[in-house]
>>> print(open('coords.pdb').read())   # PDB, C-alpha atoms
ATOM      1  CA  MET A   1      -8.746  12.778  12.778  1.00  0.00           C
ATOM      2  CA  TYR A   2      -9.888  16.168  11.528  1.00  0.00           C
ATOM      3  CA  ILE A   3      -9.115  19.393  13.352  1.00  0.00           C
ATOM      4  CA  ASN A   4     -10.830  22.519  12.008  1.00  0.00           C
ATOM      5  CA  ASN A   5     -11.599  20.682   8.758  1.00  0.00           C
ATOM      6  CA  LYS A   6      -7.928  19.845   8.313  1.00  0.00           C
ATOM      7  CA  PHE A   7      -6.496  16.353   8.412  1.00  0.00           C
ATOM      8  CA  SER A   8      -4.335  15.665  11.461  1.00  0.00           C
ATOM      9  CA  THR A   9      -0.646  15.720  10.578  1.00  0.00           C
ATOM     10  CA  HIS A  10       0.133  12.649  12.663  1.00  0.00           C
ATOM     11  CA  PRO A  11      -2.939  10.472  13.167  1.00  0.00           C
ATOM     12  CA  SER A  12      -2.295   8.111  16.079  1.00  0.00           C
ATOM     13  CA  PHE A  13      -3.790   5.103  14.319  1.00  0.00           C
ATOM     14  CA  LEU A  14      -0.940   5.166  11.787  1.00  0.00           C
ATOM     15  CA  GLN A  15       1.571   4.555  14.579  1.00  0.00           C
ATOM     16  CA  GLY A  16       2.957   1.055  14.069  1.00  0.00           C
ATOM     17  CA  LEU A  17       0.985   0.385  10.869  1.00  0.00           C
ATOM     18  CA  ARG A  18       2.999  -2.167   8.873  1.00  0.00           C
ATOM     19  CA  VAL A  19       3.290  -1.312   5.177  1.00  0.00           C
ATOM     20  CA  LEU A  20       5.047  -3.365   2.521  1.00  0.00           C
ATOM     21  CA  LEU A  21       6.105  -1.096  -0.352  1.00  0.00           C
ATOM     22  CA  VAL A  22       6.912  -2.951  -3.566  1.00  0.00           C
ATOM     23  CA  ASP A  23       8.223  -1.000  -6.529  1.00  0.00           C
ATOM     24  CA  ASN A  24      11.212  -1.007  -8.888  1.00  0.00           C
ATOM     25  CA  ASP A  25      11.802   2.745  -8.545  1.00  0.00           C
ATOM     26  CA  VAL A  26      14.437   3.064  -5.793  1.00  0.00           C
ATOM     27  CA  LYS A  27      14.074   6.859  -5.460  1.00  0.00           C
ATOM     28  CA  PHE A  28      10.308   6.559  -5.102  1.00  0.00           C
ATOM     29  CA  CYS A  29      10.666   3.779  -2.503  1.00  0.00           C
ATOM     30  CA  ASN A  30      13.210   5.755  -0.477  1.00  0.00           C
ATOM     31  CA  SER A  31      11.161   8.943  -0.574  1.00  0.00           C
ATOM     32  CA  LEU A  32       7.853   7.296   0.334  1.00  0.00           C
ATOM     33  CA  THR A  33       9.511   5.176   3.040  1.00  0.00           C
ATOM     34  CA  THR A  34      10.984   8.280   4.693  1.00  0.00           C
ATOM     35  CA  THR A  35       7.660  10.104   4.480  1.00  0.00           C
ATOM     36  CA  LEU A  36       5.639   7.230   5.930  1.00  0.00           C
ATOM     37  CA  GLN A  37       8.155   6.647   8.715  1.00  0.00           C
ATOM     38  CA  SER A  38       7.719  10.282   9.769  1.00  0.00           C
ATOM     39  CA  TYR A  39       4.080   9.344  10.526  1.00  0.00           C
ATOM     40  CA  GLY A  40       5.121   6.373  12.659  1.00  0.00           C
ATOM     41  CA  VAL A  41       4.450   3.805   9.932  1.00  0.00           C
ATOM     42  CA  LYS A  42       6.738   0.767   9.812  1.00  0.00           C
ATOM     43  CA  VAL A  43       7.832   0.229   6.216  1.00  0.00           C
ATOM     44  CA  GLN A  44       9.555  -2.648   4.486  1.00  0.00           C
ATOM     45  CA  ALA A  45      10.549  -1.941   0.883  1.00  0.00           C
ATOM     46  CA  ALA A  46      11.072  -4.629  -1.723  1.00  0.00           C
ATOM     47  CA  PHE A  47      11.416  -5.023  -5.445  1.00  0.00           C
ATOM     48  CA  LEU A  48       8.897  -6.937  -7.522  1.00  0.00           C
ATOM     49  CA  GLY A  49       9.376 -10.672  -7.590  1.00  0.00           C
ATOM     50  CA  GLU A  50      10.057 -13.425  -5.090  1.00  0.00           C
ATOM     51  CA  GLN A  51      11.669 -11.124  -2.512  1.00  0.00           C
ATOM     52  CA  ALA A  52       8.393  -9.231  -2.117  1.00  0.00           C
ATOM     53  CA  LEU A  53       6.331 -12.388  -1.602  1.00  0.00           C
ATOM     54  CA  GLU A  54       8.815 -13.733   0.945  1.00  0.00           C
ATOM     55  CA  ILE A  55       8.760 -10.476   2.906  1.00  0.00           C
ATOM     56  CA  PHE A  56       4.959 -10.425   2.746  1.00  0.00           C
ATOM     57  CA  VAL A  57       4.682 -13.939   4.166  1.00  0.00           C
ATOM     58  CA  GLN A  58       7.286 -13.430   6.907  1.00  0.00           C
ATOM     59  CA  TRP A  59       6.449  -9.866   7.947  1.00  0.00           C
ATOM     60  CA  GLN A  60       2.642  -9.950   7.485  1.00  0.00           C
ATOM     61  CA  PRO A  61       2.029  -6.264   6.694  1.00  0.00           C
ATOM     62  CA  ASP A  62      -1.236  -4.440   7.364  1.00  0.00           C
ATOM     63  CA  VAL A  63      -1.213  -2.777   3.919  1.00  0.00           C
ATOM     64  CA  LEU A  64       0.486  -3.571   0.613  1.00  0.00           C
ATOM     65  CA  LEU A  65       1.619  -0.764  -1.699  1.00  0.00           C
ATOM     66  CA  ASN A  66       2.420  -2.396  -5.017  1.00  0.00           C
ATOM     67  CA  GLY A  67       3.805  -0.761  -8.147  1.00  0.00           C
ATOM     68  CA  ILE A  68       2.151  -1.822 -11.385  1.00  0.00           C
ATOM     69  CA  SER A  69       2.839  -1.021 -15.006  1.00  0.00           C
ATOM     70  CA  PRO A  70       0.575  -1.310 -18.036  1.00  0.00           C
ATOM     71  CA  SER A  71       3.358  -3.096 -19.924  1.00  0.00           C
ATOM     72  CA  LYS A  72       4.408  -5.602 -17.230  1.00  0.00           C
ATOM     73  CA  GLU A  73       2.555  -8.199 -15.223  1.00  0.00           C
ATOM     74  CA  ASP A  74       4.891  -8.376 -12.170  1.00  0.00           C
ATOM     75  CA  GLY A  75       2.664  -6.296  -9.898  1.00  0.00           C
ATOM     76  CA  TYR A  76      -0.394  -8.228 -11.007  1.00  0.00           C
ATOM     77  CA  THR A  77       1.368 -11.541 -10.433  1.00  0.00           C
ATOM     78  CA  LEU A  78       2.277 -10.496  -6.897  1.00  0.00           C
ATOM     79  CA  ILE A  79      -1.276  -9.426  -5.994  1.00  0.00           C
ATOM     80  CA  HIS A  80      -2.610 -12.714  -7.388  1.00  0.00           C
ATOM     81  CA  GLN A  81      -0.152 -14.675  -5.224  1.00  0.00           C
ATOM     82  CA  ILE A  82      -1.040 -12.598  -2.174  1.00  0.00           C
ATOM     83  CA  ARG A  83      -4.789 -12.948  -2.710  1.00  0.00           C
ATOM     84  CA  THR A  84      -4.315 -16.716  -3.048  1.00  0.00           C
ATOM     85  CA  LEU A  85      -2.455 -16.738   0.288  1.00  0.00           C
ATOM     86  CA  ALA A  86      -5.142 -14.574   1.879  1.00  0.00           C
ATOM     87  CA  GLY A  87      -7.766 -17.087   0.779  1.00  0.00           C
ATOM     88  CA  GLU A  88      -5.815 -19.860   2.474  1.00  0.00           C
ATOM     89  CA  ARG A  89      -5.264 -17.845   5.665  1.00  0.00           C
ATOM     90  CA  GLY A  90      -8.592 -16.053   5.787  1.00  0.00           C
ATOM     91  CA  LYS A  91      -7.156 -12.518   6.015  1.00  0.00           C
ATOM     92  CA  ALA A  92      -7.239 -10.131   3.080  1.00  0.00           C
ATOM     93  CA  VAL A  93      -4.660  -7.361   3.317  1.00  0.00           C
ATOM     94  CA  PRO A  94      -5.681  -4.082   1.668  1.00  0.00           C
ATOM     95  CA  ALA A  95      -3.562  -3.429  -1.396  1.00  0.00           C
ATOM     96  CA  ILE A  96      -3.001  -0.183  -3.251  1.00  0.00           C
ATOM     97  CA  ALA A  97      -1.738  -0.306  -6.829  1.00  0.00           C
ATOM     98  CA  LEU A  98       0.704   2.510  -7.601  1.00  0.00           C
ATOM     99  CA  THR A  99       1.305   3.508 -11.200  1.00  0.00           C
ATOM    100  CA  SER A 100       2.531   6.485 -13.166  1.00  0.00           C
ATOM    101  CA  THR A 101      -0.572   6.444 -15.355  1.00  0.00           C
ATOM    102  CA  VAL A 102      -4.099   5.738 -14.174  1.00  0.00           C
ATOM    103  CA  THR A 103      -6.684   5.247 -16.889  1.00  0.00           C
ATOM    104  CA  GLU A 104     -10.215   3.939 -16.403  1.00  0.00           C
ATOM    105  CA  ASP A 105      -9.219   0.608 -17.997  1.00  0.00           C
ATOM    106  CA  MET A 106      -6.129   0.294 -15.822  1.00  0.00           C
ATOM    107  CA  TYR A 107      -8.113   1.174 -12.691  1.00  0.00           C
ATOM    108  CA  GLN A 108     -10.714  -1.493 -13.512  1.00  0.00           C
ATOM    109  CA  HIS A 109      -7.996  -4.049 -14.303  1.00  0.00           C
ATOM    110  CA  ALA A 110      -6.304  -3.330 -10.956  1.00  0.00           C
ATOM    111  CA  LEU A 111      -9.562  -3.731  -9.015  1.00  0.00           C
ATOM    112  CA  LEU A 112     -10.407  -6.966 -10.825  1.00  0.00           C
ATOM    113  CA  ALA A 113      -6.891  -8.264 -10.104  1.00  0.00           C
ATOM    114  CA  GLY A 114      -7.473  -7.847  -6.367  1.00  0.00           C
ATOM    115  CA  PHE A 115      -6.282  -4.352  -5.492  1.00  0.00           C
ATOM    116  CA  SER A 116      -8.365  -2.209  -3.161  1.00  0.00           C
ATOM    117  CA  LEU A 117      -7.390   1.046  -4.911  1.00  0.00           C
ATOM    118  CA  CYS A 118      -5.247   2.339  -7.744  1.00  0.00           C
ATOM    119  CA  LEU A 119      -3.356   5.620  -7.254  1.00  0.00           C
ATOM    120  CA  ALA A 120      -1.057   7.652  -9.473  1.00  0.00           C
ATOM    121  CA  LYS A 121       2.605   8.289  -8.686  1.00  0.00           C
ATOM    122  CA  PRO A 122       3.927  10.543  -7.435  1.00  0.00           C
ATOM    123  CA  VAL A 123       1.499  10.466  -4.553  1.00  0.00           C
ATOM    124  CA  VAL A 124       0.123  13.590  -2.901  1.00  0.00           C
ATOM    125  CA  VAL A 125       1.319  13.035   0.665  1.00  0.00           C
ATOM    126  CA  ASP A 126      -1.686  14.465   2.536  1.00  0.00           C
ATOM    127  CA  ASP A 127      -4.137  12.531   0.385  1.00  0.00           C
ATOM    128  CA  PHE A 128      -2.060   9.370   0.599  1.00  0.00           C
ATOM    129  CA  VAL A 129      -1.831   9.564   4.398  1.00  0.00           C
ATOM    130  CA  ALA A 130      -5.602  10.056   4.526  1.00  0.00           C
ATOM    131  CA  VAL A 131      -6.107   6.915   2.410  1.00  0.00           C
ATOM    132  CA  LEU A 132      -3.765   4.906   4.649  1.00  0.00           C
ATOM    133  CA  SER A 133      -5.604   6.200   7.695  1.00  0.00           C
ATOM    134  CA  ILE A 134      -8.937   5.073   6.288  1.00  0.00           C
ATOM    135  CA  LEU A 135      -7.506   1.631   5.524  1.00  0.00           C
ATOM    136  CA  ALA A 136      -6.026   1.414   9.036  1.00  0.00           C
ATOM    137  CA  ILE A 137      -9.375   2.268  10.603  1.00  0.00           C
ATOM    138  CA  ALA A 138     -11.330  -0.036   8.283  1.00  0.00           C
ATOM    139  CA  ASN A 139      -9.108  -2.985   9.130  1.00  0.00           C
ATOM    140  CA  ASN A 140      -8.930  -2.249  12.849  1.00  0.00           C
ATOM    141  CA  PRO A 141     -12.149  -0.489  13.866  1.00  0.00           C
ATOM    142  CA  HIS A 142     -11.189  -0.730  17.549  1.00  0.00           C
ATOM    143  CA  ALA A 143      -7.994   1.298  17.099  1.00  0.00           C
ATOM    144  CA  ASN A 144      -7.772   4.576  19.002  1.00  0.00           C
TER     145      ASN A 144
END
>>> encode(input="coords.pdb", output="structure tokens")
Amino acid sequence: MYINNKFSTHPSFLQGLRVLLVDNDVKFCNSLTTTLQSYGVKVQAAFLGEQALEIFVQWQPDVLLNGISPSKEDGYTLIHQIRTLAGERGKAVPAIALTSTVTEDMYQHALLAGFSLCLAKPVVVDDFVAVLSILAIANNPHAN
């Protein structure tokens, strides 16, 4: 994963990782989708609401990237629905809350709502890929 103290540009364990990206910012979704696909990640993008939950249930992603806003509850509603499903199915999918502003209160609220992490947009690609890699390894410790 690290070569000469530098993160590998294309870690093999990201190949085929299934990521559901849910956000209302079309430009952000398109940009992040293109970036992740360049690492071999399979991405489905959706907007907040029923479409996202339907895609989640049918596609069964490995990681959820979910946009949240301090003024709206849509992202929080979706994570609650997904955590309820995970309880019924016995598999908890790691979820990263994405927001333009991360405060300590918002971070705590996101964790209490069921997110694994809360990150600020725009994401720093190298750091974001490292986080996805860690989640991929943590959820599939036998991956190469």
>>> atom_distance(input="coords.pdb", atom1="CA of Val131 (chain A)", atom2="CA of Val57 (chain A)")
23.5 Å
>>> closest_residue(input="coords.pdb", among="A:Ser116, A:Asn66, A:Ser100, A:Ser38", to="Leu135 (chain A)", atoms="all atoms listed in the file")
A:Ser116
>>> residues_around(input="coords.pdb", residues="Leu119 (chain A)", least_positions_apart="2", cutoff="7 Å", atoms="all atoms listed in the file", output="number ranges by chain")
A: 97-99, 102, 117, 121
>>> write_last_selection(input="coords.pdb", atoms="C-alpha atoms", output="PDB file, keeping the file's coordinate frame")
ATOM      1  CA  ALA A  97      -1.738  -0.306  -6.829  1.00  0.00           C
ATOM      2  CA  LEU A  98       0.704   2.510  -7.601  1.00  0.00           C
ATOM      3  CA  THR A  99       1.305   3.508 -11.200  1.00  0.00           C
ATOM      4  CA  VAL A 102      -4.099   5.738 -14.174  1.00  0.00           C
ATOM      5  CA  LEU A 117      -7.390   1.046  -4.911  1.00  0.00           C
ATOM      6  CA  LYS A 121       2.605   8.289  -8.686  1.00  0.00           C
TER       7      LYS A 121
END
>>> closest_residue(input="coords.pdb", among="A:Leu14, A:Ala136, A:Leu21, A:Ile82", to="Ile96 (chain A)", atoms="all atoms listed in the file")
A:Leu21
>>> resolve_selection(input="coords.pdb", expression="the PyMOL selection byres ((chain A and resi 51-56) around 8)", output="list of chain:residue names")
A:Leu20, A:Val22, A:Ala46, A:Phe47, A:Leu48, A:Gly49, A:Glu50, A:Val57, A:Gln58, A:Trp59, A:Gln60, A:Pro61, A:Leu78, A:Gln81, A:Ile82
>>> write_last_selection(input="coords.pdb", atoms="C-alpha atoms", output="PDB file, in the frame of the given file")
ATOM      1  CA  LEU A  20       5.047  -3.365   2.521  1.00  0.00           C
ATOM      2  CA  VAL A  22       6.912  -2.951  -3.566  1.00  0.00           C
ATOM      3  CA  ALA A  46      11.072  -4.629  -1.723  1.00  0.00           C
ATOM      4  CA  PHE A  47      11.416  -5.023  -5.445  1.00  0.00           C
ATOM      5  CA  LEU A  48       8.897  -6.937  -7.522  1.00  0.00           C
ATOM      6  CA  GLY A  49       9.376 -10.672  -7.590  1.00  0.00           C
ATOM      7  CA  GLU A  50      10.057 -13.425  -5.090  1.00  0.00           C
ATOM      8  CA  VAL A  57       4.682 -13.939   4.166  1.00  0.00           C
ATOM      9  CA  GLN A  58       7.286 -13.430   6.907  1.00  0.00           C
ATOM     10  CA  TRP A  59       6.449  -9.866   7.947  1.00  0.00           C
ATOM     11  CA  GLN A  60       2.642  -9.950   7.485  1.00  0.00           C
ATOM     12  CA  PRO A  61       2.029  -6.264   6.694  1.00  0.00           C
ATOM     13  CA  LEU A  78       2.277 -10.496  -6.897  1.00  0.00           C
ATOM     14  CA  GLN A  81      -0.152 -14.675  -5.224  1.00  0.00           C
ATOM     15  CA  ILE A  82      -1.040 -12.598  -2.174  1.00  0.00           C
TER      16      ILE A  82
END
>>> residues_near_point(input="coords.pdb", point="(4.9, 7.4, -4.5)", cutoff="7 Å", atoms="all atoms listed in the file", output="short mmCIF file (atom, residue, chain, number, x, y, z; two decimals) with C-alpha atoms, in the coordinates of the input")
data_model
loop_
_atom_site.label_atom_id
_atom_site.label_comp_id
_atom_site.auth_asym_id
_atom_site.auth_seq_id
_atom_site.Cartn_x
_atom_site.Cartn_y
_atom_site.Cartn_z
CA PHE A 28 10.31 6.56 -5.10
CA LEU A 32 7.85 7.30 0.33
CA LYS A 121 2.60 8.29 -8.69
CA PRO A 122 3.93 10.54 -7.44
CA VAL A 123 1.50 10.47 -4.55
#
>>> closest_residue(input="coords.pdb", among="A:Leu112, A:Ile79, A:Val125, A:Leu132", to="Arg18 (chain A)", atoms="only C-alpha atoms")
A:Leu132
>>> closest_residue(input="coords.pdb", among="A:Pro94, A:Asn24, A:Gly40, A:Glu88", to="Ile137 (chain A)", atoms="only C-alpha atoms")
A:Pro94
>>> residues_around(input="coords.pdb", residues="Gln15 (chain A)", least_positions_apart="6", cutoff="9 Å", atoms="only C-alpha atoms", output="list in words")
Tyr39, Gly40, Val41 and Lys42 of chain A
>>> atom_distance(input="coords.pdb", atom1="CA of Leu36 (chain A)", atom2="CA of Gly87 (chain A)")
28.2 Å
>>> atom_distance(input="coords.pdb", atom1="CA of Lys27 (chain A)", atom2="CA of Leu65 (chain A)")
15.1 Å
>>> closest_residue(input="coords.pdb", among="A:Asn139, A:Ser69, A:Gln37, A:Ser133", to="Asp23 (chain A)", atoms="only C-alpha atoms")
A:Ser69
>>> closest_residue(input="coords.pdb", among="A:Cys29, A:Val124, A:Ala130, A:Val63", to="Lys91 (chain A)", atoms="all atoms listed in the file")
A:Val63
